[in-house]
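A.B. asks: The structure file query_35.cif (mmCIF, C-alpha atoms) is provided below.
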```cif
data_data
loop_
_atom_site.label_atom_id
_atom_site.label_comp_id
_atom_site.auth_asym_id
_atom_site.auth_seq_id
_atom_site.Cartn_x
_atom_site.Cartn_y
_atom_site.Cartn_z
CA MET A 1 26.00 -7.55 0.35
CA LYS A 2 24.35 -5.34 -2.32
CA LEU A 3 22.08 -8.23 -3.36
CA LYS A 4 21.14 -8.83 0.27
CA LEU A 5 20.30 -5.15 0.78
CA LYS A 6 18.03 -5.20 -2.28
CA ASN A 7 16.23 -8.23 -0.85
CA TYR A 8 15.82 -6.41 2.45
CA GLN A 9 14.50 -3.28 0.69
CA ALA A 10 11.85 -5.35 -1.10
CA LYS A 11 10.68 -6.89 2.18
CA LEU A 12 10.87 -3.72 4.28
CA PHE A 13 9.27 -1.20 1.91
CA PRO A 14 5.64 -2.46 2.26
CA TYR A 15 5.74 -2.01 6.05
CA ALA A 16 6.87 1.60 5.69
CA TYR A 17 4.54 2.48 2.79
CA ASN A 18 1.45 0.92 4.38
CA ILE A 19 2.06 2.88 7.60
CA LEU A 20 3.10 6.18 5.98
CA GLY A 21 1.04 6.27 2.77
CA SER A 22 3.98 7.95 1.05
CA VAL A 23 6.36 6.34 -1.45
CA GLU A 24 9.17 8.84 -0.88
CA ASP A 25 8.89 8.76 2.91
CA ALA A 26 8.84 4.96 2.83
CA LYS A 27 11.94 4.78 0.65
CA ASP A 28 13.76 7.29 2.85
CA THR A 29 12.80 5.39 6.01
CA VAL A 30 14.05 2.05 4.68
CA GLN A 31 17.22 3.66 3.37
CA ASP A 32 17.94 5.39 6.69
CA VAL A 33 17.45 2.17 8.66
CA LEU A 34 19.71 0.19 6.31
CA VAL A 35 22.46 2.84 6.33
CA LYS A 36 22.50 2.94 10.14
CA HIS A 37 22.51 -0.86 10.22
CA LEU A 38 25.57 -1.09 7.99
CA SER A 39 27.71 0.79 10.49
CA ALA A 40 26.20 -0.84 13.62
CA ASP A 41 27.69 -3.66 15.68
CA LYS A 42 25.95 -6.84 14.50
CA ALA A 43 28.02 -9.36 16.46
CA HIS A 44 25.18 -10.40 18.78
CA LEU A 45 22.36 -10.01 16.24
CA GLU A 46 20.58 -13.36 15.76
CA ASN A 47 17.69 -12.32 13.49
CA GLU A 48 18.82 -9.57 11.11
CA ILE A 49 15.62 -9.21 9.05
CA GLY A 50 13.53 -9.28 12.24
CA TYR A 51 15.63 -6.49 13.73
CA LEU A 52 15.39 -4.42 10.54
CA THR A 53 11.63 -4.95 10.30
CA LYS A 54 11.20 -3.76 13.87
CA SER A 55 13.36 -0.70 13.16
CA VAL A 56 11.43 0.22 10.00
CA ILE A 57 8.03 -0.21 11.69
CA ASN A 58 8.91 1.96 14.69
CA THR A 59 10.68 4.59 12.58
CA SER A 60 7.60 4.74 10.34
CA ILE A 61 5.26 5.10 13.32
CA ASN A 62 7.33 7.98 14.72
CA LEU A 63 7.47 9.73 11.34
CA LYS A 64 3.71 9.32 10.84
CA LYS A 65 3.12 10.87 14.28
CA ARG A 66 5.30 13.87 13.39
CA LYS A 67 3.61 14.35 10.03
CA SER A 68 0.15 14.13 11.61
CA LYS A 69 0.94 17.07 13.90
CA PHE A 70 1.32 19.35 10.88
CA ASN A 71 -1.80 18.16 9.05
CA THR A 72 -4.29 20.90 8.20
CA ASN A 73 -7.94 20.60 7.25
CA VAL A 74 -6.86 20.20 3.62
CA LEU A 75 -7.84 16.80 2.21
CA TRP A 76 -4.83 14.46 2.03
CA LEU A 77 -4.63 11.35 -0.16
CA PRO A 78 -1.90 8.66 -0.12
CA GLU A 79 0.87 8.85 -2.69
CA PRO A 80 -0.04 6.58 -5.63
CA LEU A 81 2.10 3.46 -6.09
CA SER A 82 1.89 1.42 -9.29
CA THR A 83 1.37 -2.30 -8.72
CA VAL A 84 1.69 -3.06 -12.43
CA LYS A 85 5.32 -2.21 -13.11
CA THR A 86 7.95 -4.59 -11.80
CA ASP A 87 10.33 -3.18 -9.20
CA GLU A 88 12.81 -5.53 -7.59
CA ASN A 89 13.07 -3.22 -4.58
CA ILE A 90 9.36 -3.57 -3.70
CA ASP A 91 7.36 -6.65 -2.69
CA LYS A 92 4.10 -5.40 -4.18
CA GLU A 93 2.03 -8.36 -3.01
CA LYS A 94 2.30 -6.92 0.52
CA ILE A 95 1.00 -3.49 -0.48
CA ILE A 96 -2.56 -2.93 0.79
CA THR A 97 -5.26 -1.51 -1.49
CA TYR A 98 -5.52 2.21 -2.12
CA SER A 99 -9.04 2.46 -0.65
CA LEU A 100 -7.80 0.90 2.57
CA LEU A 101 -4.83 3.30 2.65
CA VAL A 102 -7.34 6.17 2.48
CA LEU A 103 -9.47 4.69 5.27
CA LEU A 104 -6.42 4.19 7.48
CA GLU A 105 -5.92 7.97 7.62
CA LYS A 106 -8.68 7.91 10.26
CA LEU A 107 -6.35 6.07 12.64
CA THR A 108 -3.46 7.09 14.86
CA ALA A 109 -0.01 5.91 13.81
CA LYS A 110 0.02 3.03 16.31
CA GLU A 111 -3.56 1.96 15.50
CA ARG A 112 -2.62 1.96 11.84
CA ALA A 113 0.52 -0.12 12.44
CA VAL A 114 -1.31 -2.70 14.57
CA PHE A 115 -4.15 -2.99 12.04
CA ILE A 116 -1.71 -3.48 9.14
CA LEU A 117 0.45 -6.02 10.97
CA LYS A 118 -2.58 -8.06 12.07
CA GLU A 119 -4.81 -7.83 9.01
CA ALA A 120 -2.30 -7.53 6.15
CA PHE A 121 0.72 -9.43 7.48
CA ASN A 122 -1.07 -11.93 9.76
CA TYR A 123 1.08 -11.17 12.81
CA SER A 124 -0.11 -12.46 16.19
CA HIS A 125 -0.76 -9.96 18.98
CA LYS A 126 2.30 -11.36 20.76
CA GLU A 127 4.49 -10.64 17.71
CA ILE A 128 3.01 -7.15 17.33
CA ALA A 129 3.61 -6.38 21.01
CA GLU A 130 7.26 -7.41 20.68
CA LEU A 131 7.74 -5.30 17.55
CA ILE A 132 6.14 -2.10 18.84
CA MET A 133 7.28 -2.65 22.43
CA PHE A 134 4.02 -2.69 24.37
CA THR A 135 1.75 -5.35 25.87
CA VAL A 136 -0.42 -7.94 24.12
CA GLU A 137 -3.46 -6.30 25.73
CA ASN A 138 -2.47 -2.94 24.22
CA SER A 139 -2.24 -4.58 20.80
CA ARG A 140 -5.74 -6.06 21.14
CA LYS A 141 -7.20 -2.74 22.32
CA LEU A 142 -5.59 -0.78 19.47
CA LEU A 143 -6.90 -3.26 16.88
CA SER A 144 -10.41 -3.10 18.34
CA ARG A 145 -10.31 0.70 18.37
CA ALA A 146 -9.03 0.77 14.77
CA LYS A 147 -11.85 -1.48 13.51
CA ILE A 148 -14.46 0.69 15.22
CA LYS A 149 -13.02 3.83 13.61
CA LEU A 150 -12.85 2.26 10.15
CA ASP A 151 -16.34 0.76 10.28
CA ALA A 152 -16.08 -0.13 6.57
CA THR A 153 -14.26 -2.41 4.18
CA PRO A 154 -13.54 -1.47 0.54
CA LYS A 155 -15.44 -3.79 -1.82
CA HIS A 156 -13.73 -2.84 -5.08
CA LEU A 157 -12.61 -6.45 -5.64
CA SER A 158 -16.19 -7.46 -6.44
CA LEU A 159 -15.29 -7.06 -10.13
CA LYS A 160 -12.89 -9.36 -11.94
CA ASN A 161 -9.80 -7.79 -13.55
CA VAL A 162 -11.14 -8.30 -17.08
CA GLU A 163 -14.48 -6.71 -16.17
CA ILE A 164 -12.70 -3.77 -14.53
CA SER A 165 -10.58 -3.17 -17.63
CA GLU A 166 -13.64 -3.15 -19.88
CA SER A 167 -15.55 -0.96 -17.42
CA MET A 168 -12.70 1.55 -17.31
CA LYS A 169 -12.63 1.71 -21.12
CA ALA A 170 -16.38 2.32 -21.14
CA TYR A 171 -15.96 5.05 -18.51
CA ILE A 172 -13.33 6.82 -20.62
CA GLU A 173 -15.55 6.70 -23.72
CA SER A 174 -18.48 8.06 -21.73
CA ILE A 175 -16.61 11.10 -20.38
CA LYS A 176 -15.09 11.78 -23.81
CA ASN A 177 -18.54 11.73 -25.42
CA GLY A 178 -20.26 13.52 -22.55
CA ASP A 179 -22.62 10.54 -22.31
CA VAL A 180 -24.60 11.43 -19.19
CA LYS A 181 -26.90 8.39 -19.30
CA SER A 182 -24.02 5.91 -19.48
CA LEU A 183 -22.16 7.65 -16.67
CA GLU A 184 -25.28 7.66 -14.49
CA LYS A 185 -25.43 3.87 -14.78
CA MET A 186 -21.78 3.54 -13.71
CA LEU A 187 -21.90 5.77 -10.61
CA SER A 188 -23.32 4.58 -7.28
CA GLU A 189 -25.93 6.81 -5.63
CA ASP A 190 -23.60 7.64 -2.72
CA ILE A 191 -20.39 8.00 -4.73
CA THR A 192 -17.62 10.17 -3.29
CA LEU A 193 -14.95 12.01 -5.27
CA SER A 194 -11.90 13.18 -3.26
CA ALA A 195 -9.25 15.48 -4.76
CA ASP A 196 -5.77 16.28 -3.44
CA GLY A 197 -3.92 19.15 -5.11
CA GLY A 198 -1.22 19.52 -2.48
CA LYS A 199 0.11 22.94 -1.53
CA ASP A 200 0.42 24.36 -5.04
CA ILE A 201 -2.61 23.16 -7.03
CA GLN A 202 -6.05 24.61 -6.36
CA VAL A 203 -8.62 21.87 -7.03
CA VAL A 204 -12.17 22.67 -8.14
CA ARG A 205 -13.56 20.89 -5.06
CA GLU A 206 -11.82 18.72 -2.47
CA LEU A 207 -14.80 16.52 -1.60
CA THR A 208 -17.87 15.84 -3.74
CA LEU A 209 -20.73 13.64 -2.51
CA GLY A 210 -23.56 11.96 -4.42
CA LYS A 211 -24.20 10.94 -8.02
CA VAL A 212 -25.57 14.23 -9.37
CA ALA A 213 -22.81 16.49 -7.98
CA THR A 214 -20.06 14.00 -8.90
CA LEU A 215 -21.34 13.56 -12.44
CA GLN A 216 -21.46 17.33 -12.96
CA LEU A 217 -17.92 17.72 -11.60
CA ILE A 218 -16.48 14.88 -13.71
CA LEU A 219 -17.86 16.36 -16.93
CA TYR A 220 -16.88 19.92 -15.99
CA VAL A 221 -13.30 18.96 -15.11
CA PHE A 222 -12.93 16.90 -18.29
CA GLU A 223 -14.24 19.64 -20.58
CA THR A 224 -12.27 22.38 -18.81
CA HIS A 225 -8.96 20.70 -17.94
CA GLN A 226 -8.63 17.18 -19.41
CA LYS A 227 -10.10 17.21 -22.90
CA THR A 228 -6.71 17.61 -24.62
CA LEU A 229 -4.87 15.15 -22.34
CA SER A 230 -4.03 11.54 -23.18
CA ILE A 231 -5.42 8.89 -20.82
CA LYS A 232 -3.82 5.61 -19.75
CA ILE A 233 -5.46 2.79 -17.78
CA THR A 234 -3.24 1.34 -15.04
CA GLU A 235 -3.31 -0.16 -11.54
CA ILE A 236 -2.51 1.79 -8.38
CA ALA A 237 -2.18 -0.18 -5.11
CA HIS A 238 -4.16 -3.07 -6.65
CA GLN A 239 -7.02 -0.89 -7.90
CA PRO A 240 -7.90 0.37 -11.40
CA ALA A 241 -6.69 3.89 -12.14
CA LEU A 242 -6.45 6.48 -14.90
CA LEU A 243 -3.35 8.57 -15.63
CA PHE A 244 -3.87 11.88 -17.47
CA TYR A 245 -0.88 13.19 -19.45
CA ASN A 246 -0.04 16.48 -21.14
CA LYS A 247 2.47 15.05 -23.63
CA GLU A 248 5.06 13.43 -21.30
CA THR A 249 3.96 15.23 -18.13
CA LEU A 250 1.63 13.40 -15.73
CA ILE A 251 -1.10 15.81 -14.63
CA ASN A 252 -3.56 13.68 -12.70
CA CYS A 253 -3.90 10.17 -11.24
CA GLN A 254 -7.42 8.94 -10.49
CA VAL A 255 -7.89 5.72 -8.49
CA PHE A 256 -11.28 3.95 -8.67
CA GLU A 257 -13.12 1.78 -6.17
CA TRP A 258 -15.79 -0.40 -7.77
CA ASN A 259 -18.63 -2.03 -5.84
CA GLN A 260 -21.16 -4.31 -7.53
CA ASN A 261 -20.49 -2.91 -11.03
CA LYS A 262 -20.76 0.66 -9.73
CA ILE A 263 -18.06 3.24 -9.00
CA GLN A 264 -18.15 3.84 -5.24
CA ASN A 265 -15.17 6.17 -4.84
CA ILE A 266 -12.81 8.16 -7.05
CA TYR A 267 -9.55 9.37 -5.51
CA SER A 268 -8.01 12.12 -7.62
CA VAL A 269 -4.35 13.04 -6.99
CA ILE A 270 -3.19 16.25 -8.72
CA ASP A 271 -0.35 17.13 -6.33
CA PRO A 272 2.80 17.14 -8.56
CA LEU A 273 4.99 15.98 -5.66
CA LYS A 274 2.91 12.81 -5.34
CA LEU A 275 3.06 12.11 -9.09
CA ASN A 276 6.84 12.47 -9.54
CA HIS A 277 7.73 8.77 -9.44
CA LEU A 278 4.87 7.62 -11.72
CA LYS A 279 6.12 7.51 -15.30
CA LYS A 280 4.49 6.84 -18.65
#
```
As structure tokens, what does this structure read like?
C.D. replies:
Amino acid sequence: MKLKLKNYQAKLFPYAYNILGSVEDAKDTVQDVLVKHLSADKAHLENEIGYLTKSVINTSINLKKRKSKFNTNVLWLPEPLSTVKTDENIDKEKIITYSLLVLLEKLTAKERAVFILKEAFNYSHKEIAELIMFTVENSRKLLSRAKIKLDATPKHLSLKNVEISESMKAYIESIKNGDVKSLEKMLSEDITLSADGGKDIQVVRELTLGKVATLQLILYVFETHQKTLSIKITEIAHQPALLFYNKETLINCQVFEWNQNKIQNIYSVIDPLKLNHLKK
């Protein structure tokens, strides 16, 4: 039974994480559903994984709704999830990209769930309607509304993995050397840098727009806060990322979106609560 539960956790986690954008909330949701299921009457249950999937999806939607009510104007970024390290309890192929997770924050919980089920898991509108317990027409309307709100698709996959690795190394060397000209060539004209410090960390600036302002901020933050830190290249939700360490303590996770050999977005997570599960 333990082996079966692990298999279920691996399959169920991506649904919860993609809807919630939080590793800890996703793990708790899956765990709660499985614990309740263990003590439930399963005599008439024909499709166990289907039932559990439905439970996780609807529990995640309800939790996302509750969390959204308490959101302030403070910028919020998804909790980083490594897609490099192996974890038998997570099917990482089903995790959507970090840039898309950020974009999905524009949607309501149900719009987000419908979009994910249709676009990431290839569910039909009939299957979605059965899972979330509404009509096929509702599913179609929610998907249409979601696509209008998003109005963009991350294009970070326009670089091959090898090119991204080399580009990230070049980026690190440029910020270490304060090489303004090299950095200018790497940044897109309309680059955006978003920073999430959570409740306890005061970031220099939550949102920075444009090449000039972003370049100035990158160099300032590095010289002021990151110069003595060690830097590791990794992958977060299928996108290149940098981890900044003070000895063994993770201080900052930066996720990059590349578009046509240019950095389009940098998502900087400094909130310690969102960095807890990422280890060196």
A.B. asks: Between A:Ile164, A:Glu111, A:Lys181, A:Tyr267, which has the minimum distance to Glu206 (chain A) (counting only C-alpha atoms)?
C.D. replies: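 The closest residue to Glu206 (chain A) is A:Tyr267.
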A.B. asks: Between A:Ile61, A:Val204, A:Leu103, A:Leu215, which has the minimum distance to Glu189 (chain A) (counting only C-alpha atoms)?
C.D. replies: A:Leu215
A.B. asks: Quick one: residues within 10 Å of Ile191 (chain A), all atoms listed in the file, excluding same-chain residues fewer than 4 positions away - as a list in words?
C.D. replies: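 Once the adjacent positions are removed, what remains is Leu187, Thr208, Leu209, Gly210, Lys211, Val212, Ala213, Thr214, Leu215, Glu257, Lys262, Ile263, Gln264, Asn265 and Ile266 of chain A.
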A.B. asks: Can you turn the PyMOL selection byres ((chain A and resi 23) around 10) into a concrete residue list for this file, as number ranges by chain?
C.D. replies: A: 13-14, 16-18, 20-22, 24-29, 78-81, 274, 277
A.B. asks: Since we have the selection now, will you write its residues out, keeping C-alpha atoms, as a PDB file, keeping the file's coordinate frame?
C.D. replies:
```pdb
ATOM      1  CA  PHE A  13       9.270  -1.200   1.910  1.00  0.00           C
ATOM      2  CA  PRO A  14       5.640  -2.460   2.260  1.00  0.00           C
ATOM      3  CA  ALA A  16       6.870   1.600   5.690  1.00  0.00           C
ATOM      4  CA  TYR A  17       4.540   2.480   2.790  1.00  0.00           C
ATOM      5  CA  ASN A  18       1.450   0.920   4.380  1.00  0.00           C
ATOM      6  CA  LEU A  20       3.100   6.180   5.980  1.00  0.00           C
ATOM      7  CA  GLY A  21       1.040   6.270   2.770  1.00  0.00           C
ATOM      8  CA  SER A  22       3.980   7.950   1.050  1.00  0.00           C
ATOM      9  CA  GLU A  24       9.170   8.840  -0.880  1.00  0.00           C
ATOM     10  CA  ASP A  25       8.890   8.760   2.910  1.00  0.00           C
ATOM     11  CA  ALA A  26       8.840   4.960   2.830  1.00  0.00           C
ATOM     12  CA  LYS A  27      11.940   4.780   0.650  1.00  0.00           C
ATOM     13  CA  ASP A  28      13.760   7.290   2.850  1.00  0.00           C
ATOM     14  CA  THR A  29      12.800   5.390   6.010  1.00  0.00           C
ATOM     15  CA  PRO A  78      -1.900   8.660  -0.120  1.00  0.00           C
ATOM     16  CA  GLU A  79       0.870   8.850  -2.690  1.00  0.00           C
ATOM     17  CA  PRO A  80      -0.040   6.580  -5.630  1.00  0.00           C
ATOM     18  CA  LEU A  81       2.100   3.460  -6.090  1.00  0.00           C
ATOM     19  CA  LYS A 274       2.910  12.810  -5.340  1.00  0.00           C
ATOM     20  CA  HIS A 277       7.730   8.770  -9.440  1.00  0.00           C
TER      21      HIS A 277
END
```
A.B. asks: Name the closest residue to Ala146 (chain A) among the candidates A:Ser124, A:Gln260, A:Ser188, A:Thr108; distances are taken between atoms, counting all atoms listed in the file.
C.D. replies: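 The answer is A:Thr108, which sits nearest to Ala146 (chain A).
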A.B. asks: Identify all residues satisfying the PyMOL selection byres ((chain A and resi 245-248) around 7) in the given file; provide them as a ChimeraX atom specification.
C.D. replies: /A:229-231,243-244,249-251
A.B. asks: Using only C-alpha atoms, give me every residue within 12 Å of (-6.4, 3.0, -1.9) in file coordinates, as a ChimeraX atom specification.
C.D. replies: /A:17-18,21-22,77-83,95-105,153-157,194,235-241,254-258,265-269
A.B. asks: Restrict the selected residues to C-alpha atoms and save them as a PDB file, keeping the file's coordinate frame.
C.D. replies:
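Produced file part-v6.pdb, reproduced below:
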```pdb
ATOM      1  CA  TYR A  17       4.540   2.480   2.790  1.00  0.00           C
ATOM      2  CA  ASN A  18       1.450   0.920   4.380  1.00  0.00           C
ATOM      3  CA  GLY A  21       1.040   6.270   2.770  1.00  0.00           C
ATOM      4  CA  SER A  22       3.980   7.950   1.050  1.00  0.00           C
ATOM      5  CA  LEU A  77      -4.630  11.350  -0.160  1.00  0.00           C
ATOM      6  CA  PRO A  78      -1.900   8.660  -0.120  1.00  0.00           C
ATOM      7  CA  GLU A  79       0.870   8.850  -2.690  1.00  0.00           C
ATOM      8  CA  PRO A  80      -0.040   6.580  -5.630  1.00  0.00           C
ATOM      9  CA  LEU A  81       2.100   3.460  -6.090  1.00  0.00           C
ATOM     10  CA  SER A  82       1.890   1.420  -9.290  1.00  0.00           C
ATOM     11  CA  THR A  83       1.370  -2.300  -8.720  1.00  0.00           C
ATOM     12  CA  ILE A  95       1.000  -3.490  -0.480  1.00  0.00           C
ATOM     13  CA  ILE A  96      -2.560  -2.930   0.790  1.00  0.00           C
ATOM     14  CA  THR A  97      -5.260  -1.510  -1.490  1.00  0.00           C
ATOM     15  CA  TYR A  98      -5.520   2.210  -2.120  1.00  0.00           C
ATOM     16  CA  SER A  99      -9.040   2.460  -0.650  1.00  0.00           C
ATOM     17  CA  LEU A 100      -7.800   0.900   2.570  1.00  0.00           C
ATOM     18  CA  LEU A 101      -4.830   3.300   2.650  1.00  0.00           C
ATOM     19  CA  VAL A 102      -7.340   6.170   2.480  1.00  0.00           C
ATOM     20  CA  LEU A 103      -9.470   4.690   5.270  1.00  0.00           C
ATOM     21  CA  LEU A 104      -6.420   4.190   7.480  1.00  0.00           C
ATOM     22  CA  GLU A 105      -5.920   7.970   7.620  1.00  0.00           C
ATOM     23  CA  THR A 153     -14.260  -2.410   4.180  1.00  0.00           C
ATOM     24  CA  PRO A 154     -13.540  -1.470   0.540  1.00  0.00           C
ATOM     25  CA  LYS A 155     -15.440  -3.790  -1.820  1.00  0.00           C
ATOM     26  CA  HIS A 156     -13.730  -2.840  -5.080  1.00  0.00           C
ATOM     27  CA  LEU A 157     -12.610  -6.450  -5.640  1.00  0.00           C
ATOM     28  CA  SER A 194     -11.900  13.180  -3.260  1.00  0.00           C
ATOM     29  CA  GLU A 235      -3.310  -0.160 -11.540  1.00  0.00           C
ATOM     30  CA  ILE A 236      -2.510   1.790  -8.380  1.00  0.00           C
ATOM     31  CA  ALA A 237      -2.180  -0.180  -5.110  1.00  0.00           C
ATOM     32  CA  HIS A 238      -4.160  -3.070  -6.650  1.00  0.00           C
ATOM     33  CA  GLN A 239      -7.020  -0.890  -7.900  1.00  0.00           C
ATOM     34  CA  PRO A 240      -7.900   0.370 -11.400  1.00  0.00           C
ATOM     35  CA  ALA A 241      -6.690   3.890 -12.140  1.00  0.00           C
ATOM     36  CA  GLN A 254      -7.420   8.940 -10.490  1.00  0.00           C
ATOM     37  CA  VAL A 255      -7.890   5.720  -8.490  1.00  0.00           C
ATOM     38  CA  PHE A 256     -11.280   3.950  -8.670  1.00  0.00           C
ATOM     39  CA  GLU A 257     -13.120   1.780  -6.170  1.00  0.00           C
ATOM     40  CA  TRP A 258     -15.790  -0.400  -7.770  1.00  0.00           C
ATOM     41  CA  ASN A 265     -15.170   6.170  -4.840  1.00  0.00           C
ATOM     42  CA  ILE A 266     -12.810   8.160  -7.050  1.00  0.00           C
ATOM     43  CA  TYR A 267      -9.550   9.370  -5.510  1.00  0.00           C
ATOM     44  CA  SER A 268      -8.010  12.120  -7.620  1.00  0.00           C
ATOM     45  CA  VAL A 269      -4.350  13.040  -6.990  1.00  0.00           C
TER      46      VAL A 269
END
```
A.B. asks: To one decimal place, how far is CA of Arg145 (chain A) from CA of Lys92 (chain A) in Å?
C.D. replies: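 We find that CA of Arg145 (chain A) and CA of Lys92 (chain A) lie 27.4 Å from each other.
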A.B. asks: Between A:Leu219, A:Ile57, A:Leu183, A:Val136, single out the one closest to Ser167 (chain A), counting only C-alpha atoms.
C.D. replies: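 Checking each of A:Leu219, A:Ile57, A:Leu183, A:Val136 against Ser167 (chain A), counting only C-alpha atoms, the winner is A:Leu183.
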A.B. asks: Which residues, named as in the file, does the PyMOL selection byres ((chain A and resi 126) around 12) pick out? Answer as JSON, numbers by chain.
C.D. replies: {"A": [114, 117, 118, 122, 123, 124, 125, 127, 128, 129, 130, 131, 132, 133, 134, 135, 136, 137, 138, 139, 140]}
A.B. asks: Have a look at A:Trp76, A:Lys85, A:Asp190, A:Ile19 and name the one nearest to Lys64 (chain A); count all atoms listed in the file.
C.D. replies: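 Under the stated criterion, the closest residue is A:Ile19.
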A.B. asks: Neighbouring residues of region 46-53 of chain A were defined as those with any atom within 9 Å, considering all atoms listed in the file; residues of the same chain fewer than 4 positions away were excluded. Please report them as a ChimeraX atom specification.
C.D. replies: /A:8,11-12,15,30,33-34,37,42,57-58,131
A.B. asks: CA of Asp200 (chain A) to CA of Ile233 (chain A): how many Å, to one decimal?
C.D. replies: 25.7 Å
A.B. asks: Could you complete region 45-59 of chain A so that it carries N, CA and C atoms, and give it back as a PDB file, keeping the file's coordinate frame?
C.D. replies:
```
ATOM      1  N   LEU A  45      23.667 -10.057  16.898  1.00  0.00           N
ATOM      2  CA  LEU A  45      22.360 -10.010  16.240  1.00  0.00           C
ATOM      3  C   LEU A  45      22.013 -11.387  15.676  1.00  0.00           C
ATOM      4  N   GLU A  46      20.954 -12.013  16.187  1.00  0.00           N
ATOM      5  CA  GLU A  46      20.580 -13.360  15.760  1.00  0.00           C
ATOM      6  C   GLU A  46      19.610 -13.351  14.577  1.00  0.00           C
ATOM      7  N   ASN A  47      18.708 -12.385  14.552  1.00  0.00           N
ATOM      8  CA  ASN A  47      17.690 -12.320  13.490  1.00  0.00           C
ATOM      9  C   ASN A  47      17.761 -10.958  12.815  1.00  0.00           C
ATOM     10  N   GLU A  48      18.564 -10.866  11.753  1.00  0.00           N
ATOM     11  CA  GLU A  48      18.820  -9.570  11.110  1.00  0.00           C
ATOM     12  C   GLU A  48      17.564  -8.974  10.498  1.00  0.00           C
ATOM     13  N   ILE A  49      16.805  -9.754   9.711  1.00  0.00           N
ATOM     14  CA  ILE A  49      15.620  -9.210   9.050  1.00  0.00           C
ATOM     15  C   ILE A  49      14.552  -8.839  10.075  1.00  0.00           C
ATOM     16  N   GLY A  50      14.477  -9.610  11.169  1.00  0.00           N
ATOM     17  CA  GLY A  50      13.530  -9.280  12.240  1.00  0.00           C
ATOM     18  C   GLY A  50      13.869  -7.959  12.897  1.00  0.00           C
ATOM     19  N   TYR A  51      15.163  -7.746  13.128  1.00  0.00           N
ATOM     20  CA  TYR A  51      15.630  -6.490  13.730  1.00  0.00           C
ATOM     21  C   TYR A  51      15.343  -5.309  12.804  1.00  0.00           C
ATOM     22  N   LEU A  52      15.613  -5.489  11.512  1.00  0.00           N
ATOM     23  CA  LEU A  52      15.390  -4.420  10.540  1.00  0.00           C
ATOM     24  C   LEU A  52      13.895  -4.109  10.394  1.00  0.00           C
ATOM     25  N   THR A  53      13.075  -5.141  10.389  1.00  0.00           N
ATOM     26  CA  THR A  53      11.630  -4.950  10.300  1.00  0.00           C
ATOM     27  C   THR A  53      11.118  -4.130  11.477  1.00  0.00           C
ATOM     28  N   LYS A  54      11.581  -4.489  12.663  1.00  0.00           N
ATOM     29  CA  LYS A  54      11.200  -3.760  13.870  1.00  0.00           C
ATOM     30  C   LYS A  54      11.630  -2.300  13.781  1.00  0.00           C
ATOM     31  N   SER A  55      12.842  -2.057  13.286  1.00  0.00           N
ATOM     32  CA  SER A  55      13.360  -0.700  13.160  1.00  0.00           C
ATOM     33  C   SER A  55      12.542   0.120  12.168  1.00  0.00           C
ATOM     34  N   VAL A  56      12.209  -0.486  11.031  1.00  0.00           N
ATOM     35  CA  VAL A  56      11.430   0.220  10.000  1.00  0.00           C
ATOM     36  C   VAL A  56      10.029   0.533  10.508  1.00  0.00           C
ATOM     37  N   ILE A  57       9.391  -0.418  11.171  1.00  0.00           N
ATOM     38  CA  ILE A  57       8.030  -0.210  11.690  1.00  0.00           C
ATOM     39  C   ILE A  57       8.011   0.939  12.701  1.00  0.00           C
ATOM     40  N   ASN A  58       8.909   0.924  13.653  1.00  0.00           N
ATOM     41  CA  ASN A  58       8.910   1.960  14.690  1.00  0.00           C
ATOM     42  C   ASN A  58       9.341   3.320  14.163  1.00  0.00           C
ATOM     43  N   THR A  59      10.285   3.326  13.213  1.00  0.00           N
ATOM     44  CA  THR A  59      10.680   4.590  12.580  1.00  0.00           C
ATOM     45  C   THR A  59       9.515   5.172  11.790  1.00  0.00           C
TER      46      THR A  59
END
```
